[in-house]
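J.: I have a structure I would like to understand better, so I am pasting it below and will then ask my questions one at a time.
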Amino acid sequence: MIRRTFCLTAALTIPLWTELEKGNLAMAQAPPPKPKISVSYEDRPDKVITLVGIAVPTIPDFECDVWCYESGFDNRGRGEAEPQPDGSMILTHTRGPTTVKTHIVPGTIPPSDAGGTVAYVDFFITVSGKRKDDVMGMTTVNPCWQMKRAPGFRSEDDYVKDFANQCFMFTEKGLTMLSETTRFPDTRRPLDDRVNTPPWVQNYPPVWLRHPGQRPNSRGIGVDRPIYMLAGEISRDGQYLVAMGCRRGGRVGQVWHDCLHLSPDLRDEYDEAANELRARWRMYFMGNDPDRLLRMYLADIKPPAPAVSVEAKAPDGPLVITSSELPGQTARLALRIAIDGQVALMDAAHQWEKQIWGAVTGGGSGPKGQYYVWANPVADYIDLVVSVANTSRNTIDPRVEAMLDLADPSGLAAAGGVASVLWEGGDAAALGITPPKRITATGALADIAPGEFKTLRGRVHLTKSTPADLEKVRAEDLAEWRRAVPFKRALPE
């Protein structure tokens, strides 16, 4: 409980005393100050950089800038800024016959039992024009969110340590600091270049996009994948965090100059009558509470929910998988991890748990090793990640067996549904027209040396499709896993 002391003058009125007696502190306090919005310009020979400044009084010395926008427009022009009486700002860009209007609206959420003050800034985007093709052609803009003016967040002596390692996103394991990810070198530079030892910059494509592998003439492309378009940075003193979230985007990008990118998708909503695209993203400025941040993001932004869901009906039993595309159809997934032929049992302290970010997680152990499982719903499939650690003195040979039991195989086929289980390095052969009641698949991890761990990826499809189409998807799954290597996920401590 936070105790607050108020100085009340002799002019205090009876109504205010009454409100205090009721415990309505909101009536006795001024609301927290909102972020202050400004616009400035950097004129360069080849372009004009339009910077939206955000000063946040509720975080000491915090000011940041958003380049609106790094791409999407002819950057020789500038966004026209119109300050509004309520402290908001309207920024207007044009691209040929298309107009992009950004209404930047600051606000605060007062302290409550949920935590301290949260400041935020909403970006409401409206794309308009005469022709539908022109409007629909504006699929994204690229806000470059920069921390160069924020002393507790910007890089100082070491860019990777002071900035990149302070940034985060959410993967199937929940909050994931970029320092915990496998980072790949920029292919435009030699491997021994100072910006590659360790890698300074990285793009992380979201789970619903196919991973392209490490491409030539590109910054490194991470194999740890965001499950939401929500990313930010924690201050070096660990007291505060700042974050940006949108419904859909092309990447979490952490780039060269203390900046983050989401490449938001502008196609959230299309109004055919008005011929307008509308989208929104929000920036959060708050105390360091990632769980609260995620809850607010899910409530505020409402990212698209996957068609499939996964639940743990029993703490150590099979997982239950359903799909909104296939009402009434269920599948039960049982996993068995065997180490040198001995089955590792689920630990009482690591039984199945549904996490606030949507995944179900759990783990166990045996005489020779430990394991941990993440099962996360994406679109119309469940991503599986299984890590096994060797706790013995000898090399071990672990295997993961999945058994998918279908409640009504004939009903699933009649509804136009298909199901499958696939492990990394497995077989992409098609299923029959009528799936069997039980589908089994075994995945093998390469031998693990003492003190080491390895990770196996898998996927459970429960979707409305055809066996032939599912075969193609499974082949693409295998090809994607071959591109997105090496992948590893450490067991929780």
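Just so we're on the same page: first chain in the structure tokens is A, next is B, and so on; residues restart at 1 for each chain, and ligands are numbered from 1 in the order they show up.
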Name the residues in contact with range 295-310 of chain A at a cut-off of 6 Å, using only C-alpha atoms, excluding same-chain residues fewer than 2 positions from it; report them as a list in words.
T.: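 That gives Arg247, Arg292, Leu293, Val320, Ile321, Thr322, Ser323, Ser324, Pro377, Val378, Ala379 and Asp380 of chain A.
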J.: What are the closest atom pairs, with distances in Å to one decimal, for all residues of range 234-333 of chain A lying within 7 Å of range 399-416 of chain A? Consider only C-alpha atoms, order rows by chain and residue number, and present the result as CSV.
T.:
```
residue,atom,partner,partner_atom,distance
A:Leu326,CA,A:Ala415,CA,6.9
A:Gln329,CA,A:Leu412,CA,6.4
A:Thr330,CA,A:Ala407,CA,5.8
A:Ala331,CA,A:Leu406,CA,4.6
A:Arg332,CA,A:Asp405,CA,5.1
A:Leu333,CA,A:Leu404,CA,4.6
```
J.: Could you give me, as a VMD selection string, the residues within 7 Å of range 68-76 of chain A, counting only C-alpha atoms and dropping anything in the same chain fewer than 2 positions from it?
T.: chain A and resid 46 to 48 50 to 52 66 78 95 140 to 144
J.: Include all heavy atoms and write out the residues we just selected as a short mmCIF file (atom, residue, chain, number, x, y, z; two decimals), in the first residue's frame.
T.:
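The result, stored in result.cif:
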```cif
data_model
loop_
_atom_site.label_atom_id
_atom_site.label_comp_id
_atom_site.auth_asym_id
_atom_site.auth_seq_id
_atom_site.Cartn_x
_atom_site.Cartn_y
_atom_site.Cartn_z
N ASP A 46 19.84 15.58 -49.08
CA ASP A 46 19.05 14.61 -49.83
C ASP A 46 17.66 14.38 -49.26
O ASP A 46 16.84 13.68 -49.86
CB ASP A 46 19.78 13.27 -49.90
CG ASP A 46 20.08 12.70 -48.51
OD1 ASP A 46 20.18 13.50 -47.56
OD2 ASP A 46 20.20 11.47 -48.39
N LYS A 47 17.36 14.93 -48.07
CA LYS A 47 16.06 14.66 -47.45
C LYS A 47 15.82 15.60 -46.29
O LYS A 47 16.73 16.31 -45.82
CB LYS A 47 16.00 13.21 -46.96
CG LYS A 47 17.07 12.84 -45.95
CD LYS A 47 17.07 11.33 -45.73
CE LYS A 47 18.33 10.89 -44.98
NZ LYS A 47 18.43 9.44 -44.90
N VAL A 48 14.58 15.60 -45.85
CA VAL A 48 14.17 16.31 -44.64
C VAL A 48 13.68 15.28 -43.64
O VAL A 48 12.80 14.47 -43.96
CB VAL A 48 13.05 17.33 -44.93
CG1 VAL A 48 12.59 18.00 -43.64
CG2 VAL A 48 13.52 18.38 -45.93
N THR A 50 11.65 14.52 -40.46
CA THR A 50 10.60 15.08 -39.60
C THR A 50 10.60 14.30 -38.29
O THR A 50 10.31 13.10 -38.27
CB THR A 50 9.23 14.96 -40.28
OG1 THR A 50 9.27 15.64 -41.54
CG2 THR A 50 8.14 15.57 -39.41
N LEU A 51 10.92 14.97 -37.19
CA LEU A 51 11.05 14.33 -35.88
C LEU A 51 9.92 14.77 -34.97
O LEU A 51 9.75 15.96 -34.69
CB LEU A 51 12.39 14.68 -35.24
CG LEU A 51 13.65 14.14 -35.95
CD1 LEU A 51 14.89 14.74 -35.33
CD2 LEU A 51 13.69 12.63 -35.89
N VAL A 52 9.14 13.80 -34.51
CA VAL A 52 8.14 14.04 -33.48
C VAL A 52 8.81 13.84 -32.13
O VAL A 52 9.24 12.72 -31.79
CB VAL A 52 6.94 13.08 -33.64
CG1 VAL A 52 5.97 13.22 -32.46
CG2 VAL A 52 6.22 13.34 -34.95
N VAL A 66 10.56 10.37 -32.74
CA VAL A 66 10.08 9.41 -33.71
C VAL A 66 10.20 10.04 -35.08
O VAL A 66 9.55 11.06 -35.36
CB VAL A 66 8.61 9.00 -33.44
CG1 VAL A 66 8.21 7.87 -34.39
CG2 VAL A 66 8.41 8.58 -31.99
N ARG A 78 8.37 17.33 -46.30
CA ARG A 78 8.29 17.24 -44.86
C ARG A 78 6.85 17.07 -44.44
O ARG A 78 5.92 17.45 -45.15
CB ARG A 78 8.88 18.49 -44.19
CG ARG A 78 8.14 19.80 -44.48
CD ARG A 78 8.73 20.95 -43.69
NE ARG A 78 10.11 21.21 -44.05
CZ ARG A 78 10.95 21.93 -43.32
NH1 ARG A 78 10.54 22.43 -42.16
NH2 ARG A 78 12.17 22.14 -43.71
N ARG A 95 1.89 11.33 -50.58
CA ARG A 95 2.67 10.54 -51.54
C ARG A 95 1.85 10.47 -52.80
O ARG A 95 0.90 9.69 -52.91
CB ARG A 95 2.95 9.13 -51.01
CG ARG A 95 3.93 8.37 -51.93
CD ARG A 95 4.16 6.96 -51.46
NE ARG A 95 3.02 6.10 -51.73
CZ ARG A 95 3.02 4.78 -51.57
NH1 ARG A 95 4.10 4.18 -51.10
NH2 ARG A 95 1.94 4.06 -51.82
N THR A 140 2.45 0.25 -45.45
CA THR A 140 3.18 0.47 -44.22
C THR A 140 3.91 1.80 -44.28
O THR A 140 4.15 2.35 -45.37
CB THR A 140 4.20 -0.66 -43.96
OG1 THR A 140 4.79 -0.50 -42.65
CG2 THR A 140 5.30 -0.67 -45.00
N VAL A 141 4.20 2.32 -43.11
CA VAL A 141 5.17 3.40 -42.97
C VAL A 141 6.19 2.93 -41.94
O VAL A 141 5.98 1.92 -41.26
CB VAL A 141 4.51 4.73 -42.51
CG1 VAL A 141 3.68 5.33 -43.62
CG2 VAL A 141 3.66 4.52 -41.27
N ASN A 142 7.29 3.64 -41.82
CA ASN A 142 8.38 3.14 -40.99
C ASN A 142 8.77 4.19 -39.95
O ASN A 142 9.71 4.94 -40.15
CB ASN A 142 9.57 2.78 -41.88
CG ASN A 142 10.69 2.14 -41.08
OD1 ASN A 142 10.51 1.73 -39.94
ND2 ASN A 142 11.86 2.08 -41.68
N PRO A 143 8.05 4.23 -38.81
CA PRO A 143 8.49 5.15 -37.75
C PRO A 143 9.78 4.65 -37.13
O PRO A 143 9.90 3.48 -36.74
CB PRO A 143 7.33 5.09 -36.75
CG PRO A 143 6.67 3.78 -36.99
CD PRO A 143 6.84 3.48 -38.45
N CYS A 144 10.76 5.52 -37.05
CA CYS A 144 12.06 5.20 -36.45
C CYS A 144 12.08 5.84 -35.06
O CYS A 144 12.19 7.06 -34.93
CB CYS A 144 13.18 5.75 -37.33
SG CYS A 144 14.84 5.57 -36.64
#
```
J.: Neighbouring residues of range 420-424 of chain A were defined as those with any atom within 8 Å, considering only C-alpha atoms; residues of the same chain fewer than 6 positions away were excluded. Please report them as a list in words.
T.: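 Using only C-alpha atoms, the neighbours found are Ala402, Leu404, Leu431, Ile439, Thr440, Ala441, Thr442, Gly443, Leu456, Arg457, Gly458, Arg459, Val460, His461, Leu462, Arg474, Leu478 and Trp481 of chain A.
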J.: With only C-alpha atoms as the atoms that count, which of A:Lys464, A:Ile337, A:Thr176, A:Cys167 lies nearest to Ser155 in chain A?
T.: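 Of A:Lys464, A:Ile337, A:Thr176, A:Cys167, the one nearest Ser155 in chain A is A:Cys167, counting only C-alpha atoms.
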J.: Considering only C-alpha atoms, return as number ranges by chain whatever protein or nucleic-acid residues lie within 8 Å of Glu82 in chain A, sequence-local ones (same chain, fewer than 6 positions apart) excluded.
T.: A: 89-91
J.: Counting only C-alpha atoms, which of A:His261, A:Arg336, A:His211, A:Lys313 gets nearest to Asp477 in chain A?
T.: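 Among the listed residues, A:His211 lies closest to Asp477 in chain A.
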J.: Which is closest to Ser392 in chain A among A:Val373, A:Leu260, A:Ala312, A:Ile339, if we use only C-alpha atoms?
T.: A:Ile339
J.: If you run DSSP on the backbone, which residues of range 77-295 of chain A are helix (DSSP H, G or I), as a list in words?
T.: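 Matching residues for helix (DSSP H, G or I) in range 77-295 of chain A are Lys132, Asp133, Asp134, Val135, Met136, Tyr159, Val160, Lys161, Asp162, Ala164, Asn165, Gln166, Leu178, Ser179, Glu180, Pro290, Asp291, Arg292, Leu293, Leu294 and Arg295 of chain A.
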J.: Kindly save the residues from that selection, with N, CA and C atoms included, as a compact mmCIF listing (two decimals), in the first residue's frame.
T.:
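Saved file again-v2.txt follows:
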```
# COMPACT_ATOMS: atom_id res chain seq x y z
N LYS A 132 -9.02 3.60 -54.90
CA LYS A 132 -8.78 2.54 -53.93
C LYS A 132 -7.36 1.98 -54.06
N ASP A 133 -6.88 1.82 -55.28
CA ASP A 133 -5.54 1.25 -55.49
C ASP A 133 -4.46 2.12 -54.85
N ASP A 134 -4.65 3.44 -54.91
CA ASP A 134 -3.67 4.34 -54.30
C ASP A 134 -3.66 4.18 -52.79
N VAL A 135 -4.85 4.08 -52.20
CA VAL A 135 -4.94 3.96 -50.75
C VAL A 135 -4.39 2.60 -50.29
N MET A 136 -4.82 1.53 -50.96
CA MET A 136 -4.38 0.21 -50.55
C MET A 136 -2.90 -0.02 -50.82
N TYR A 159 27.61 0.29 -27.55
CA TYR A 159 26.27 0.30 -28.15
C TYR A 159 25.49 -0.97 -27.83
N VAL A 160 26.14 -2.13 -27.98
CA VAL A 160 25.42 -3.39 -27.73
C VAL A 160 25.05 -3.52 -26.26
N LYS A 161 26.00 -3.29 -25.37
CA LYS A 161 25.73 -3.43 -23.94
C LYS A 161 24.75 -2.38 -23.45
N ASP A 162 24.92 -1.13 -23.86
CA ASP A 162 24.13 -0.03 -23.31
C ASP A 162 22.76 0.13 -23.95
N ALA A 164 21.35 -2.21 -27.18
CA ALA A 164 20.75 -3.43 -27.73
C ALA A 164 20.38 -4.42 -26.64
N ASN A 165 21.26 -4.61 -25.65
CA ASN A 165 20.99 -5.58 -24.60
C ASN A 165 19.89 -5.13 -23.65
N GLN A 166 19.52 -3.85 -23.70
CA GLN A 166 18.44 -3.35 -22.85
C GLN A 166 17.07 -3.48 -23.53
N LEU A 178 16.86 -8.86 -25.90
CA LEU A 178 17.59 -9.17 -27.14
C LEU A 178 18.95 -9.80 -26.85
N SER A 179 19.49 -9.56 -25.66
CA SER A 179 20.75 -10.21 -25.28
C SER A 179 20.58 -11.71 -25.13
N GLU A 180 19.33 -12.19 -24.97
CA GLU A 180 19.06 -13.62 -24.82
C GLU A 180 18.85 -14.31 -26.16
N PRO A 290 6.85 -5.64 -17.01
CA PRO A 290 6.51 -6.22 -18.32
C PRO A 290 5.17 -6.94 -18.34
N ASP A 291 4.78 -7.60 -17.24
CA ASP A 291 3.49 -8.28 -17.23
C ASP A 291 2.35 -7.28 -17.37
N ARG A 292 2.44 -6.17 -16.67
CA ARG A 292 1.41 -5.13 -16.79
C ARG A 292 1.40 -4.55 -18.20
N LEU A 293 2.59 -4.32 -18.74
CA LEU A 293 2.68 -3.82 -20.12
C LEU A 293 1.95 -4.75 -21.07
N LEU A 294 2.21 -6.05 -20.97
CA LEU A 294 1.59 -6.99 -21.89
C LEU A 294 0.07 -7.00 -21.73
N ARG A 295 -0.40 -6.98 -20.48
CA ARG A 295 -1.85 -6.96 -20.26
C ARG A 295 -2.48 -5.71 -20.89
```
J.: Going by DSSP on the backbone, which bits of range 213-423 of chain A are strand (DSSP E or B)? Write them as a PyMOL selection string, please.
T.: chain A and resi 221+230-234+240-246+249+252-254+259-261+264-265+269-271+276-287+308-312+319-323+330-339+342-346+353-354+360-365+369-378+381-390+396+398-406+417-423
J.: Have a look at A:Ile382, A:Ala344, A:Ala475, A:Ala150 and name the one nearest to Gln370 in chain A; count only C-alpha atoms.
T.: A:Ala344
J.: Please determine, counting only C-alpha atoms, which residue among A:Gly451, A:Gly328, A:Pro467, A:Gly220 has the shortest atom-to-atom distance to Lys368 in chain A.
T.: A:Gly451
J.: What separation in Å, quoted to one decimal, exists between CA of Thr117 in chain A and CA of Met283 in chain A?
T.: 13.9 Å
J.: Produce a table with one row for each residue of range 178-296 of chain A that has an atom at most 12 Å from any atom of range 97-109 of chain A, each row naming the nearest atom pair and its distance in Å at one decimal; use only C-alpha atoms; arrange rows by chain and rising residue number; format as CSV.
T.:
```
residue,atom,partner,partner_atom,distance
A:Leu266,CA,A:Val100,CA,10.4
A:Asn275,CA,A:Thr98,CA,10.9
A:Glu276,CA,A:Val100,CA,9.8
A:Leu277,CA,A:Val100,CA,9.3
A:Arg278,CA,A:Lys101,CA,9.7
A:Ala279,CA,A:Thr102,CA,9.6
A:Arg280,CA,A:Thr102,CA,9.2
A:Trp281,CA,A:Ile104,CA,9.9
A:Arg282,CA,A:Val105,CA,9.4
A:Met283,CA,A:Pro106,CA,9.3
A:Tyr284,CA,A:Thr108,CA,9.4
A:Phe285,CA,A:Thr108,CA,9.2
A:Met286,CA,A:Ile109,CA,9.8
A:Met296,CA,A:Ile109,CA,10.8
```
J.: Restricting the output to N, CA, C and O atoms, write the selected residues as a JSON list (two decimals), in the first residue's frame.
T.:
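Ended up saving to again-v4.json:
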```json
[["chain", "number", "residue", "atom", "x", "y", "z"],
["A", 266, "LEU", "N", -0.49, -0.91, -42.06],
["A", 266, "LEU", "CA", -1.54, 0.10, -42.02],
["A", 266, "LEU", "C", -2.92, -0.46, -42.34],
["A", 266, "LEU", "O", -3.91, 0.26, -42.27],
["A", 275, "ASN", "N", -13.22, 5.21, -48.52],
["A", 275, "ASN", "CA", -11.96, 4.86, -49.18],
["A", 275, "ASN", "C", -10.78, 5.29, -48.30],
["A", 275, "ASN", "O", -9.89, 6.02, -48.72],
["A", 276, "GLU", "N", -10.77, 4.76, -47.07],
["A", 276, "GLU", "CA", -9.72, 5.10, -46.11],
["A", 276, "GLU", "C", -9.20, 3.85, -45.41],
["A", 276, "GLU", "O", -9.96, 2.94, -45.07],
["A", 277, "LEU", "N", -7.89, 3.81, -45.24],
["A", 277, "LEU", "CA", -7.25, 2.85, -44.34],
["A", 277, "LEU", "C", -7.04, 3.52, -43.00],
["A", 277, "LEU", "O", -6.68, 4.71, -42.93],
["A", 278, "ARG", "N", -7.24, 2.76, -41.93],
["A", 278, "ARG", "CA", -7.04, 3.31, -40.59],
["A", 278, "ARG", "C", -6.23, 2.33, -39.76],
["A", 278, "ARG", "O", -6.46, 1.12, -39.81],
["A", 279, "ALA", "N", -5.29, 2.85, -39.01],
["A", 279, "ALA", "CA", -4.45, 2.03, -38.16],
["A", 279, "ALA", "C", -4.08, 2.83, -36.92],
["A", 279, "ALA", "O", -4.28, 4.05, -36.86],
["A", 280, "ARG", "N", -3.54, 2.12, -35.93],
["A", 280, "ARG", "CA", -3.16, 2.78, -34.69],
["A", 280, "ARG", "C", -2.02, 2.02, -34.05],
["A", 280, "ARG", "O", -1.93, 0.80, -34.16],
["A", 281, "TRP", "N", -1.12, 2.74, -33.43],
["A", 281, "TRP", "CA", -0.18, 2.11, -32.52],
["A", 281, "TRP", "C", -0.03, 2.99, -31.30],
["A", 281, "TRP", "O", -0.43, 4.16, -31.28],
["A", 282, "ARG", "N", 0.50, 2.42, -30.23],
["A", 282, "ARG", "CA", 0.62, 3.14, -28.96],
["A", 282, "ARG", "C", 2.02, 2.96, -28.41],
["A", 282, "ARG", "O", 2.60, 1.88, -28.47],
["A", 283, "MET", "N", 2.53, 4.05, -27.82],
["A", 283, "MET", "CA", 3.80, 4.00, -27.10],
["A", 283, "MET", "C", 3.49, 4.13, -25.61],
["A", 283, "MET", "O", 2.67, 4.96, -25.20],
["A", 284, "TYR", "N", 4.15, 3.29, -24.81],
["A", 284, "TYR", "CA", 3.96, 3.24, -23.36],
["A", 284, "TYR", "C", 5.21, 3.74, -22.66],
["A", 284, "TYR", "O", 6.33, 3.40, -23.05],
["A", 285, "PHE", "N", 5.04, 4.49, -21.56],
["A", 285, "PHE", "CA", 6.14, 5.01, -20.76],
["A", 285, "PHE", "C", 5.76, 4.78, -19.29],
["A", 285, "PHE", "O", 4.83, 5.42, -18.79],
["A", 286, "MET", "N", 6.48, 3.89, -18.60],
["A", 286, "MET", "CA", 5.97, 3.41, -17.32],
["A", 286, "MET", "C", 7.09, 2.81, -16.47],
["A", 286, "MET", "O", 8.24, 2.71, -16.90],
["A", 296, "MET", "N", -1.84, -4.57, -20.73],
["A", 296, "MET", "CA", -2.38, -3.33, -21.32],
["A", 296, "MET", "C", -2.37, -3.41, -22.83],
["A", 296, "MET", "O", -3.34, -3.03, -23.49]]
```
